[in-house]
>>> print(open('upload_16.cif').read())   # mmCIF, C-alpha atoms
data_model
loop_
_atom_site.group_PDB
_atom_site.id
_atom_site.type_symbol
_atom_site.label_atom_id
_atom_site.label_comp_id
_atom_site.auth_asym_id
_atom_site.auth_seq_id
_atom_site.Cartn_x
_atom_site.Cartn_y
_atom_site.Cartn_z
ATOM 1 C CA MET W 1 -0.886 40.795 -0.544
ATOM 2 C CA GLU W 2 -0.551 38.367 2.328
ATOM 3 C CA GLU W 3 2.527 36.997 3.985
ATOM 4 C CA LYS W 4 3.026 33.262 4.212
ATOM 5 C CA ILE W 5 5.585 31.565 6.394
ATOM 6 C CA LEU W 6 6.096 27.860 5.900
ATOM 7 C CA ILE W 7 7.865 25.770 8.509
ATOM 8 C CA LEU W 8 8.972 22.566 6.862
ATOM 9 C CA GLU W 9 8.201 19.283 8.534
ATOM 10 C CA ASP W 10 8.379 15.712 7.380
ATOM 11 C CA GLN W 11 5.515 13.229 7.611
ATOM 12 C CA TYR W 12 6.367 12.518 11.257
ATOM 13 C CA GLY W 13 6.314 16.154 12.315
ATOM 14 C CA ASN W 14 10.098 16.469 12.556
ATOM 15 C CA SER W 15 11.619 19.789 11.578
ATOM 16 C CA LEU W 16 13.483 19.782 8.289
ATOM 17 C CA GLU W 17 15.644 22.758 9.127
ATOM 18 C CA ASN W 18 18.752 20.628 9.034
ATOM 19 C CA PHE W 19 18.027 19.378 5.522
ATOM 20 C CA GLU W 20 20.406 20.336 2.800
ATOM 21 C CA ILE W 21 18.519 22.938 0.819
ATOM 22 C CA GLU W 22 19.710 23.883 -2.588
ATOM 23 C CA GLY W 23 16.610 24.601 -4.597
ATOM 24 C CA ASP W 24 13.704 26.908 -4.625
ATOM 25 C CA CYS W 25 10.103 26.960 -3.541
ATOM 26 C CA GLN W 26 7.203 26.941 -5.908
ATOM 27 C CA CYS W 27 3.794 27.914 -4.640
ATOM 28 C CA LEU W 28 0.623 27.158 -6.530
ATOM 29 C CA TYR W 29 -2.926 28.203 -5.905
ATOM 30 C CA LEU W 30 -5.293 25.336 -6.591
ATOM 31 C CA LYS W 31 -8.618 26.568 -7.892
ATOM 32 C CA ALA W 32 -12.067 25.096 -7.667
ATOM 33 C CA ASP W 33 -12.079 24.144 -11.343
ATOM 34 C CA GLY W 34 -8.920 22.073 -10.795
ATOM 35 C CA SER W 35 -6.543 24.533 -12.486
ATOM 36 C CA GLN W 36 -3.332 25.720 -10.818
ATOM 37 C CA GLU W 37 -1.812 29.190 -10.782
ATOM 38 C CA GLU W 38 1.839 29.698 -9.901
ATOM 39 C CA VAL W 39 2.162 32.602 -7.492
ATOM 40 C CA LEU W 40 5.635 32.138 -6.069
ATOM 41 C CA ASN W 41 8.876 30.656 -7.319
ATOM 42 C CA GLN W 42 11.857 31.744 -5.269
ATOM 43 C CA ALA W 43 14.958 30.501 -3.500
ATOM 44 C CA PHE W 44 14.908 30.166 0.267
ATOM 45 C CA THR W 45 17.160 29.190 3.149
ATOM 46 C CA LYS W 46 17.028 27.712 6.649
ATOM 47 C CA GLY W 47 13.865 25.740 5.974
ATOM 48 C CA VAL W 48 11.622 28.782 6.315
ATOM 49 C CA ILE W 49 9.947 30.465 3.412
ATOM 50 C CA GLN W 50 8.973 34.036 3.920
ATOM 51 C CA GLY W 51 7.446 35.875 1.053
ATOM 52 C CA ASP W 52 4.502 37.776 -0.221
ATOM 53 C CA LEU W 53 1.715 35.896 -1.899
ATOM 54 C CA PRO W 54 -1.087 37.475 -3.917
ATOM 55 C CA LYS W 55 -4.331 37.627 -2.000
ATOM 56 C CA ARG W 56 -6.397 34.522 -2.498
ATOM 57 C CA THR W 57 -9.617 34.890 -4.402
ATOM 58 C CA THR W 58 -12.745 32.993 -3.478
ATOM 59 C CA ASP W 59 -12.122 30.277 -6.078
ATOM 60 C CA VAL W 60 -8.793 29.290 -4.511
ATOM 61 C CA THR W 61 -9.382 26.077 -2.601
ATOM 62 C CA ASP W 62 -5.883 25.118 -1.533
ATOM 63 C CA ILE W 63 -2.242 26.128 -1.621
ATOM 64 C CA ILE W 64 0.373 23.701 -2.834
ATOM 65 C CA PHE W 65 4.045 24.158 -2.037
ATOM 66 C CA ASN W 66 6.677 22.224 -3.918
ATOM 67 C CA VAL W 67 10.023 22.673 -2.236
ATOM 68 C CA ASN W 68 13.300 21.310 -3.513
ATOM 69 C CA LEU W 69 15.292 19.981 -0.581
ATOM 70 C CA GLY W 70 18.277 18.761 -2.557
ATOM 71 C CA LYS W 71 19.315 15.140 -2.908
ATOM 72 C CA ASN W 72 16.391 14.611 -5.283
ATOM 73 C CA GLN W 73 13.870 15.142 -2.499
ATOM 74 C CA VAL W 74 10.791 17.286 -2.766
ATOM 75 C CA TYR W 75 8.576 18.484 0.047
ATOM 76 C CA ASP W 76 4.965 18.211 -1.033
ATOM 77 C CA SER W 77 2.732 20.218 1.260
ATOM 78 C CA ALA W 78 -0.411 18.631 -0.171
ATOM 79 C CA ALA W 79 0.734 15.176 0.921
ATOM 80 C CA LYS W 80 2.629 16.692 3.868
ATOM 81 C CA LYS W 81 5.689 14.578 3.260
ATOM 82 C CA VAL W 82 9.024 14.393 1.576
ATOM 83 C CA THR W 83 9.072 12.313 -1.564
ATOM 84 C CA ASP W 84 11.751 11.244 -3.960
ATOM 85 C CA LYS W 85 11.757 13.484 -7.003
ATOM 86 C CA ASN W 86 12.367 10.443 -9.203
ATOM 87 C CA LEU W 87 8.979 9.067 -8.174
ATOM 88 C CA THR W 88 7.101 12.198 -9.152
ATOM 89 C CA THR W 89 6.062 13.616 -12.465
ATOM 90 C CA PRO W 90 5.312 17.251 -13.245
ATOM 91 C CA GLU W 91 1.640 16.490 -13.575
ATOM 92 C CA LYS W 92 1.549 14.531 -10.307
ATOM 93 C CA LEU W 93 -1.748 14.928 -8.547
ATOM 94 C CA PRO W 94 -1.783 15.529 -4.804
ATOM 95 C CA LEU W 95 -3.186 12.725 -2.692
ATOM 96 C CA ASN W 96 -6.764 13.443 -1.792
ATOM 97 C CA LYS W 97 -6.292 12.671 1.878
ATOM 98 C CA LYS W 98 -8.952 13.954 4.148
ATOM 99 C CA PRO W 99 -8.186 14.189 7.833
ATOM 100 C CA ILE W 100 -9.750 11.076 9.295
ATOM 101 C CA SER W 101 -9.111 9.811 12.768
ATOM 102 C CA LYS W 102 -7.743 6.332 13.322
ATOM 103 C CA LYS W 103 -10.816 5.461 15.366
ATOM 104 C CA GLU W 104 -13.199 6.443 12.595
ATOM 105 C CA ARG W 105 -11.063 4.643 10.055
ATOM 106 C CA VAL W 106 -11.151 1.424 12.073
ATOM 107 C CA GLU W 107 -14.907 1.758 12.528
ATOM 108 C CA ARG W 108 -15.438 2.237 8.806
ATOM 109 C CA VAL W 109 -13.320 -0.813 7.980
ATOM 110 C CA LYS W 110 -15.187 -2.899 10.572
ATOM 111 C CA MET W 111 -18.529 -1.779 9.161
ATOM 112 C CA LYS W 112 -17.424 -2.550 5.610
ATOM 113 C CA THR W 113 -16.157 -5.978 6.670
ATOM 114 C CA ASP W 114 -19.528 -6.785 8.239
ATOM 115 C CA GLN W 115 -21.296 -5.585 5.078
ATOM 116 C CA LEU W 116 -19.111 -7.820 2.942
ATOM 117 C CA LYS W 117 -19.808 -10.866 5.119
ATOM 118 C CA MET W 118 -23.518 -10.185 4.903
ATOM 119 C CA ALA W 119 -23.290 -9.746 1.134
ATOM 120 C CA VAL W 120 -21.496 -13.079 0.707
ATOM 121 C CA THR W 121 -24.052 -14.831 2.910
ATOM 122 C CA ASN W 122 -26.925 -13.358 0.893
ATOM 123 C CA ARG W 123 -25.255 -14.139 -2.417
ATOM 124 C CA LEU W 124 -24.794 -17.794 -1.462
ATOM 125 C CA SER W 125 -28.317 -18.172 -0.065
ATOM 126 C CA ASN W 126 -29.897 -16.528 -3.126
ATOM 127 C CA ARG W 127 -28.236 -19.056 -5.380
ATOM 128 C CA VAL W 128 -29.879 -22.054 -3.721
ATOM 129 C CA MET J 129 27.634 -0.285 4.508
ATOM 130 C CA ALA J 130 26.926 -3.702 5.998
ATOM 131 C CA THR J 131 28.265 -4.351 9.497
ATOM 132 C CA TYR J 132 29.942 -7.592 10.410
ATOM 133 C CA PRO J 133 28.552 -8.443 13.873
ATOM 134 C CA GLU J 134 31.660 -10.201 15.135
ATOM 135 C CA PHE J 135 33.961 -7.288 14.332
ATOM 136 C CA LYS J 136 31.537 -4.412 14.891
ATOM 137 C CA SER J 137 33.180 -2.633 12.006
ATOM 138 C CA PRO J 138 32.295 -1.964 8.368
ATOM 139 C CA LEU J 139 33.153 -4.640 5.820
ATOM 140 C CA ILE J 140 36.047 -3.109 3.922
ATOM 141 C CA ASN J 141 38.219 -6.169 3.183
ATOM 142 C CA VAL J 142 37.331 -9.046 0.888
ATOM 143 C CA TRP J 143 38.323 -11.655 3.498
ATOM 144 C CA GLN J 144 35.626 -10.351 5.816
ATOM 145 C CA TYR J 145 33.043 -11.620 3.348
ATOM 146 C CA LEU J 146 34.287 -15.222 3.596
ATOM 147 C CA ASN J 147 31.725 -17.873 4.587
ATOM 148 C CA ARG J 148 28.801 -15.559 3.889
ATOM 149 C CA ASN J 149 25.842 -17.065 2.085
ATOM 150 C CA LEU J 150 24.449 -15.804 -1.209
ATOM 151 C CA PRO J 151 21.342 -14.101 0.229
ATOM 152 C CA TYR J 152 23.659 -12.092 2.505
ATOM 153 C CA PHE J 153 25.630 -10.783 -0.482
ATOM 154 C CA ARG J 154 22.495 -9.951 -2.404
ATOM 155 C CA LYS J 155 21.095 -8.039 0.545
ATOM 156 C CA ALA J 156 24.381 -6.271 1.278
ATOM 157 C CA LEU J 157 24.656 -5.118 -2.317
ATOM 158 C CA GLY J 158 21.070 -3.968 -2.385
ATOM 159 C CA ILE J 159 20.153 -6.363 -5.192
ATOM 160 C CA VAL J 160 17.088 -7.641 -3.381
ATOM 161 C CA GLN J 161 14.821 -5.894 -0.976
ATOM 162 C CA GLU J 162 13.358 -8.376 1.431
ATOM 163 C CA PRO J 163 9.680 -7.672 1.990
ATOM 164 C CA VAL J 164 8.748 -7.372 5.620
ATOM 165 C CA ALA J 165 5.194 -8.401 6.298
ATOM 166 C CA THR J 166 3.383 -6.280 8.832
ATOM 167 C CA ILE J 167 0.466 -7.490 10.872
ATOM 168 C CA GLY J 168 -2.386 -5.142 10.293
ATOM 169 C CA PHE J 169 -5.761 -4.128 11.615
ATOM 170 C CA ASP J 170 -6.870 -7.735 11.281
ATOM 171 C CA PRO J 171 -4.510 -9.853 13.414
ATOM 172 C CA GLU J 172 -5.107 -12.785 11.057
ATOM 173 C CA CYS J 173 -3.421 -10.901 8.188
ATOM 174 C CA ALA J 174 0.166 -9.864 7.542
ATOM 175 C CA SER J 175 1.225 -8.132 4.355
ATOM 176 C CA SER J 176 3.705 -5.851 2.640
ATOM 177 C CA CYS J 177 3.875 -3.990 -0.652
ATOM 178 C CA ASN J 178 7.051 -3.140 -2.536
ATOM 179 C CA LYS J 179 7.824 -1.623 -5.924
ATOM 180 C CA VAL J 180 9.073 -4.070 -8.531
ATOM 181 C CA ASN J 181 12.302 -2.448 -9.663
ATOM 182 C CA ASN J 182 13.213 -2.124 -13.336
ATOM 183 C CA TYR J 183 9.754 -3.219 -14.441
ATOM 184 C CA THR J 184 7.458 -0.949 -16.389
ATOM 185 C CA LEU J 185 4.282 -2.072 -18.105
ATOM 186 C CA THR J 186 3.007 -0.315 -21.201
ATOM 187 C CA ILE J 187 -0.695 -0.711 -21.790
ATOM 188 C CA ASP J 188 -2.316 1.141 -24.668
ATOM 189 C CA GLY J 189 0.540 3.638 -24.785
ATOM 190 C CA GLN J 190 0.343 4.403 -21.048
ATOM 191 C CA GLN J 191 3.272 3.427 -18.828
ATOM 192 C CA PHE J 192 2.647 1.786 -15.461
ATOM 193 C CA ASP J 193 4.770 1.102 -12.401
ATOM 194 C CA VAL J 194 4.217 -2.303 -10.815
ATOM 195 C CA TYR J 195 4.000 -2.966 -7.077
ATOM 196 C CA ARG J 196 4.010 -6.443 -5.547
ATOM 197 C CA LEU J 197 1.676 -7.058 -2.649
ATOM 198 C CA GLN J 198 2.466 -10.155 -0.613
ATOM 199 C CA GLY J 199 0.873 -11.448 2.528
ATOM 200 C CA VAL J 200 -0.574 -14.292 4.507
ATOM 201 C CA VAL J 201 -4.207 -14.548 5.548
ATOM 202 C CA THR J 202 -5.343 -17.120 8.073
ATOM 203 C CA MET J 203 -8.911 -18.339 7.772
ATOM 204 C CA GLN J 204 -9.240 -20.773 10.631
ATOM 205 C CA ASP J 205 -12.233 -19.562 12.605
ATOM 206 C CA GLY J 206 -14.331 -22.545 11.527
ATOM 207 C CA VAL J 207 -17.010 -20.323 9.969
ATOM 208 C CA SER J 208 -18.532 -20.371 6.489
ATOM 209 C CA VAL J 209 -17.995 -16.692 5.573
ATOM 210 C CA TYR J 210 -14.736 -14.739 5.818
ATOM 211 C CA ALA J 211 -13.865 -11.140 4.968
ATOM 212 C CA ARG J 212 -10.272 -10.313 5.855
ATOM 213 C CA VAL J 213 -8.761 -6.877 5.228
ATOM 214 C CA LEU J 214 -5.094 -7.003 4.234
ATOM 215 C CA GLY J 215 -4.363 -3.284 4.103
ATOM 216 C CA SER J 216 -4.814 -0.227 1.972
ATOM 217 C CA LEU J 217 -2.871 1.252 -0.898
ATOM 218 C CA THR J 218 -3.177 5.005 -1.336
ATOM 219 C CA THR J 219 -2.066 6.350 -4.682
ATOM 220 C CA SER J 220 -2.276 9.505 -6.740
ATOM 221 C CA SER J 221 -2.736 7.320 -9.797
ATOM 222 C CA PRO J 222 -6.177 7.624 -11.404
ATOM 223 C CA VAL J 223 -5.907 3.947 -12.352
ATOM 224 C CA LEU J 224 -5.123 0.976 -10.115
ATOM 225 C CA THR J 225 -5.221 -2.442 -11.717
ATOM 226 C CA ILE J 226 -4.301 -5.899 -10.521
ATOM 227 C CA VAL J 227 -2.265 -7.257 -13.424
ATOM 228 C CA LYS J 228 -1.223 -10.566 -11.877
ATOM 229 C CA ASN J 229 -2.733 -12.775 -9.196
ATOM 230 C CA SER J 230 -0.572 -15.659 -7.996
ATOM 231 C CA THR J 231 -2.435 -16.109 -4.730
ATOM 232 C CA ASP J 232 -2.332 -19.643 -3.379
ATOM 233 C CA VAL J 233 -4.778 -21.413 -1.087
ATOM 234 C CA GLU J 234 -3.358 -23.957 1.328
ATOM 235 C CA ALA J 235 -5.548 -26.473 3.125
ATOM 236 C CA PHE J 236 -4.984 -29.615 5.134
ATOM 237 C CA ASP J 237 -6.616 -32.951 4.359
ATOM 238 C CA ILE J 238 -6.519 -36.062 6.553
ATOM 239 C CA LEU J 239 -5.661 -38.192 3.494
ATOM 240 C CA PHE J 240 -3.792 -35.898 1.053
ATOM 241 C CA GLN J 241 -2.107 -33.875 3.822
ATOM 242 C CA THR J 242 -1.347 -30.382 2.462
ATOM 243 C CA THR J 243 -3.138 -29.244 -0.679
ATOM 244 C CA ASN J 244 -2.345 -26.105 -2.637
ATOM 245 C CA THR J 245 -4.705 -24.638 -5.203
ATOM 246 C CA ALA J 246 -4.957 -21.289 -6.968
ATOM 247 C CA ILE J 247 -7.467 -18.857 -5.520
ATOM 248 C CA CYS J 248 -10.758 -19.251 -7.372
ATOM 249 C CA THR J 249 -14.256 -20.580 -6.933
ATOM 250 C CA GLY J 250 -13.442 -24.215 -6.348
ATOM 251 C CA SER J 251 -10.221 -23.783 -4.405
ATOM 252 C CA LEU J 252 -9.792 -26.631 -1.965
ATOM 253 C CA VAL J 253 -10.460 -25.794 1.691
ATOM 254 C CA THR J 254 -10.755 -27.990 4.775
ATOM 255 C CA ASP J 255 -14.256 -28.932 5.907
ATOM 256 C CA ALA J 256 -14.474 -27.702 9.504
ATOM 257 C CA ASP J 257 -18.026 -28.840 10.253
ATOM 258 C CA PRO J 258 -17.711 -31.250 13.217
ATOM 259 C CA LEU J 259 -21.082 -32.816 12.381
ATOM 260 C CA SER J 260 -20.154 -33.605 8.767
ATOM 261 C CA ILE J 261 -18.867 -36.987 7.677
ATOM 262 C CA THR J 262 -16.297 -35.157 5.534
ATOM 263 C CA VAL J 263 -14.833 -33.157 8.411
ATOM 264 C CA GLY J 264 -11.067 -32.777 7.968
ATOM 265 C CA GLU J 265 -11.260 -33.437 4.238
ATOM 266 C CA VAL J 266 -10.768 -30.852 1.523
ATOM 267 C CA LEU J 267 -13.778 -29.665 -0.447
ATOM 268 C CA PRO J 268 -14.187 -27.029 -3.186
ATOM 269 C CA VAL J 269 -15.173 -23.625 -1.837
ATOM 270 C CA ASP J 270 -18.082 -21.678 -3.335
ATOM 271 C CA LEU J 271 -16.495 -18.207 -3.277
ATOM 272 C CA LEU J 272 -12.910 -17.141 -2.662
ATOM 273 C CA PHE J 273 -11.507 -14.008 -4.253
ATOM 274 C CA VAL J 274 -9.452 -10.829 -3.922
ATOM 275 C CA ASN J 275 -11.532 -7.701 -3.558
ATOM 276 C CA THR J 276 -10.401 -4.070 -3.879
ATOM 277 C CA ASP J 277 -12.590 -1.321 -2.477
ATOM 278 C CA ASN J 278 -12.018 2.445 -2.606
ATOM 279 C CA THR J 279 -15.321 3.545 -1.090
ATOM 280 C CA ILE J 280 -14.334 3.270 2.572
ATOM 281 C CA THR J 281 -12.356 6.497 3.072
ATOM 282 C CA THR J 282 -11.303 8.426 -0.036
ATOM 283 C CA ALA J 283 -11.326 7.372 -3.672
ATOM 284 C CA ASP J 284 -7.505 7.372 -3.610
ATOM 285 C CA GLU J 285 -7.346 4.700 -0.909
ATOM 286 C CA HIS J 286 -7.879 1.163 -2.156
ATOM 287 C CA PHE J 287 -8.494 -1.480 0.513
ATOM 288 C CA PHE J 288 -7.563 -5.063 -0.294
ATOM 289 C CA TYR J 289 -9.846 -7.779 1.026
ATOM 290 C CA ILE J 290 -9.767 -11.550 0.796
ATOM 291 C CA ILE J 291 -13.335 -12.795 0.827
ATOM 292 C CA GLY J 292 -14.475 -16.383 1.128
ATOM 293 C CA GLY J 293 -17.812 -18.117 1.448
ATOM 294 C CA ALA J 294 -19.144 -21.665 1.377
ATOM 295 C CA SER J 295 -22.194 -23.640 2.411
ATOM 296 C CA PHE J 296 -20.124 -25.295 5.142
ATOM 297 C CA PRO J 297 -17.661 -24.059 7.798
ATOM 298 C CA PHE J 298 -14.134 -24.198 6.438
ATOM 299 C CA ASP J 299 -10.478 -23.495 7.216
ATOM 300 C CA CYS J 300 -7.606 -22.533 4.946
ATOM 301 C CA LEU J 301 -4.505 -20.395 4.640
ATOM 302 C CA VAL J 302 -4.249 -17.863 1.807
ATOM 303 C CA ASN J 303 -0.797 -16.864 0.570
ATOM 304 C CA VAL J 304 -1.437 -13.574 -1.197
ATOM 305 C CA ASP J 305 0.797 -12.577 -4.101
ATOM 306 C CA LEU J 306 -0.497 -9.774 -6.307
ATOM 307 C CA GLU J 307 1.040 -7.407 -8.810
ATOM 308 C CA VAL J 308 -0.648 -4.034 -8.918
ATOM 309 C CA ALA J 309 -0.110 -1.497 -11.701
ATOM 310 C CA VAL J 310 -0.377 2.261 -11.167
ATOM 311 C CA VAL J 311 0.367 5.056 -13.605
ATOM 312 C CA LYS J 312 4.124 5.552 -13.851
ATOM 313 C CA GLY J 313 5.436 8.123 -11.400
ATOM 314 C CA SER J 314 2.421 8.000 -9.109
ATOM 315 C CA THR J 315 2.889 8.362 -5.380
ATOM 316 C CA VAL J 316 2.078 5.123 -3.574
ATOM 317 C CA GLU J 317 1.695 4.428 0.142
ATOM 318 C CA TYR J 318 0.785 1.032 1.572
ATOM 319 C CA SER J 319 -0.689 0.805 5.030
ATOM 320 C CA THR J 320 -1.826 -2.126 7.115
ATOM 321 C CA LEU J 321 -3.996 0.300 9.124
#
>>> encode(input="upload_16.cif", output="structure tokens")
Amino acid sequence: MEEKILILEDQYGNSLENFEIEGDCQCLYLKADGSQEEVLNQAFTKGVIQGDLPKRTTDVTDIIFNVNLGKNQVYDSAAKKVTDKNLTTPEKLPLNKKPISKKERVERVKMKTDQLKMAVTNRLSNRV
Amino acid sequence: MATYPEFKSPLINVWQYLNRNLPYFRKALGIVQEPVATIGFDPECASSCNKVNNYTLTIDGQQFDVYRLQGVVTMQDGVSVYARVLGSLTTSSPVLTIVKNSTDVEAFDILFQTTNTAICTGSLVTDADPLSITVGEVLPVDLLFVNTDNTITTADEHFFYIIGGASFPFDCLVNVDLEVAVVKGSTVEYSTL
């Protein structure tokens, strides 16, 4: 058994301790084959979850927390943000966001833009 | 609650709404959400994306939410090939489809003045070749289209490009207006980088 403490933050890194909390926290282990196993479903207070989680096996690739914050808001740890519950569905998939720096992102977009310009130039010249 | 600037207090009496125009009422009541275009990575582009409220598409039994992407792209570098990135839409939806394209191409002609054509191969653009006898006149463009690309970062992030190409240097202004469908309930984030 391992202990997990979750400090809630919104997408800007602000603490959510002052949020009205009326629900519970659900914790899922995401496995390599894409399946999910619920390992925790309990009420919590003061924006901090403290509980025992079963030890992760080697096929567990990620942990997903779904936390009800009241007022129809849900904290999604996979997307690291608070979303409106009305916009989500039970089978909602987490966003596959990899940590990518702004600099690398800009470089990739620049490179792709140059590739596209080259492709258009070639396409037009091939036609003639 | 809306604030009346002259009184610095909330509007609680009917008389305080006198002499207000219709767009003000619609905004105050939350009937319309005015899109705010944001200039992005490319300073020649400004765009925004908002959910179309109370509009659900059903295609082959699957329900879709619809988002409206609007923006302005300036193509006035006097070159013959353009690739402008509007922004990116990240979604948890496995499907992202453009279901409507009302994008307009605006160009200036020394005789016709302003011309507006739908975006397509053959949209009218201004000839910007100073050595051409048709400089300043509108001519049909060879390629001009909306391009989505989700191979730049992750497969969830779809970049929107406006791409144009012709055998001559050209100028134009592209008023982008797209409707994008994603699976109902999907998380959507729009970023101008």
>>> interface_residues(input="upload_16.cif", of="chain J", to="chain W", cutoff="6 Å", atoms="all atoms listed in the file", output="ChimeraX atom specification")
/J:211,220,313
>>> closest_residue(input="upload_16.cif", among="J:Ile238, J:Lys179, J:Thr262, J:Thr282", to="Tyr318 of chain J", atoms="all atoms listed in the file")
J:Lys179
>>> atom_distance(input="upload_16.cif", atom1="atom CA of Val200 of chain J", atom2="atom CA of Asp170 of chain J")
11.3 Å
>>> resolve_selection(input="upload_16.cif", expression="the PyMOL selection byres ((chain J and resi 173) around 12)", output="PyMOL selection string")
chain J and resi 165-172+174-176+198-204+211-215+288-290+301-304+320-321
>>> write_last_selection(input="upload_16.cif", atoms="C-alpha atoms", output="PDB file, keeping the file's coordinate frame")
ATOM      1  CA  ALA J 165       5.194  -8.401   6.298  1.00  0.00           C
ATOM      2  CA  THR J 166       3.383  -6.280   8.832  1.00  0.00           C
ATOM      3  CA  ILE J 167       0.466  -7.490  10.872  1.00  0.00           C
ATOM      4  CA  GLY J 168      -2.386  -5.142  10.293  1.00  0.00           C
ATOM      5  CA  PHE J 169      -5.761  -4.128  11.615  1.00  0.00           C
ATOM      6  CA  ASP J 170      -6.870  -7.735  11.281  1.00  0.00           C
ATOM      7  CA  PRO J 171      -4.510  -9.853  13.414  1.00  0.00           C
ATOM      8  CA  GLU J 172      -5.107 -12.785  11.057  1.00  0.00           C
ATOM      9  CA  ALA J 174       0.166  -9.864   7.542  1.00  0.00           C
ATOM     10  CA  SER J 175       1.225  -8.132   4.355  1.00  0.00           C
ATOM     11  CA  SER J 176       3.705  -5.851   2.640  1.00  0.00           C
ATOM     12  CA  GLN J 198       2.466 -10.155  -0.613  1.00  0.00           C
ATOM     13  CA  GLY J 199       0.873 -11.448   2.528  1.00  0.00           C
ATOM     14  CA  VAL J 200      -0.574 -14.292   4.507  1.00  0.00           C
ATOM     15  CA  VAL J 201      -4.207 -14.548   5.548  1.00  0.00           C
ATOM     16  CA  THR J 202      -5.343 -17.120   8.073  1.00  0.00           C
ATOM     17  CA  MET J 203      -8.911 -18.339   7.772  1.00  0.00           C
ATOM     18  CA  GLN J 204      -9.240 -20.773  10.631  1.00  0.00           C
ATOM     19  CA  ALA J 211     -13.865 -11.140   4.968  1.00  0.00           C
ATOM     20  CA  ARG J 212     -10.272 -10.313   5.855  1.00  0.00           C
ATOM     21  CA  VAL J 213      -8.761  -6.877   5.228  1.00  0.00           C
ATOM     22  CA  LEU J 214      -5.094  -7.003   4.234  1.00  0.00           C
ATOM     23  CA  GLY J 215      -4.363  -3.284   4.103  1.00  0.00           C
ATOM     24  CA  PHE J 288      -7.563  -5.063  -0.294  1.00  0.00           C
ATOM     25  CA  TYR J 289      -9.846  -7.779   1.026  1.00  0.00           C
ATOM     26  CA  ILE J 290      -9.767 -11.550   0.796  1.00  0.00           C
ATOM     27  CA  LEU J 301      -4.505 -20.395   4.640  1.00  0.00           C
ATOM     28  CA  VAL J 302      -4.249 -17.863   1.807  1.00  0.00           C
ATOM     29  CA  ASN J 303      -0.797 -16.864   0.570  1.00  0.00           C
ATOM     30  CA  VAL J 304      -1.437 -13.574  -1.197  1.00  0.00           C
ATOM     31  CA  THR J 320      -1.826  -2.126   7.115  1.00  0.00           C
ATOM     32  CA  LEU J 321      -3.996   0.300   9.124  1.00  0.00           C
TER      33      LEU J 321
END
>>> resolve_selection(input="upload_16.cif", expression="the PyMOL selection byres ((chain J and resi 277) around 9)", output="PDB file with C-alpha atoms, in the coordinates of the input")
ATOM      1  CA  ASN J 275     -11.532  -7.701  -3.558  1.00  0.00           C
ATOM      2  CA  THR J 276     -10.401  -4.070  -3.879  1.00  0.00           C
ATOM      3  CA  ASN J 278     -12.018   2.445  -2.606  1.00  0.00           C
ATOM      4  CA  THR J 279     -15.321   3.545  -1.090  1.00  0.00           C
ATOM      5  CA  ILE J 280     -14.334   3.270   2.572  1.00  0.00           C
ATOM      6  CA  ALA J 283     -11.326   7.372  -3.672  1.00  0.00           C
ATOM      7  CA  GLU J 285      -7.346   4.700  -0.909  1.00  0.00           C
ATOM      8  CA  HIS J 286      -7.879   1.163  -2.156  1.00  0.00           C
ATOM      9  CA  PHE J 287      -8.494  -1.480   0.513  1.00  0.00           C
ATOM     10  CA  PHE J 288      -7.563  -5.063  -0.294  1.00  0.00           C
ATOM     11  CA  TYR J 289      -9.846  -7.779   1.026  1.00  0.00           C
TER      12      TYR J 289
END
>>> resolve_selection(input="upload_16.cif", expression="the PyMOL selection byres ((chain J and resi 234) around 9)", output="PyMOL selection string")
chain J and resi 232-233+235-236+242-246+251-253+300-303
>>> residues_around(input="upload_16.cif", residues="Val269 of chain J", least_positions_apart="3", cutoff="9 Å", atoms="only C-alpha atoms", output="PDB file with C-alpha atoms, in the frame of the given file")
ATOM      1  CA  CYS J 248     -10.758 -19.251  -7.372  1.00  0.00           C
ATOM      2  CA  THR J 249     -14.256 -20.580  -6.933  1.00  0.00           C
ATOM      3  CA  GLY J 250     -13.442 -24.215  -6.348  1.00  0.00           C
ATOM      4  CA  SER J 251     -10.221 -23.783  -4.405  1.00  0.00           C
ATOM      5  CA  LEU J 252      -9.792 -26.631  -1.965  1.00  0.00           C
ATOM      6  CA  VAL J 253     -10.460 -25.794   1.691  1.00  0.00           C
ATOM      7  CA  LEU J 272     -12.910 -17.141  -2.662  1.00  0.00           C
ATOM      8  CA  GLY J 292     -14.475 -16.383   1.128  1.00  0.00           C
ATOM      9  CA  GLY J 293     -17.812 -18.117   1.448  1.00  0.00           C
ATOM     10  CA  ALA J 294     -19.144 -21.665   1.377  1.00  0.00           C
ATOM     11  CA  SER J 295     -22.194 -23.640   2.411  1.00  0.00           C
ATOM     12  CA  PHE J 296     -20.124 -25.295   5.142  1.00  0.00           C
ATOM     13  CA  PHE J 298     -14.134 -24.198   6.438  1.00  0.00           C
TER      14      PHE J 298
END
>>> atom_distance(input="upload_16.cif", atom1="atom CA of Tyr210 of chain J", atom2="atom CA of Glu107 of chain W")
17.8 Å
>>> atom_distance(input="upload_16.cif", atom1="atom CA of Thr219 of chain J", atom2="atom CA of Val311 of chain J")
9.3 Å
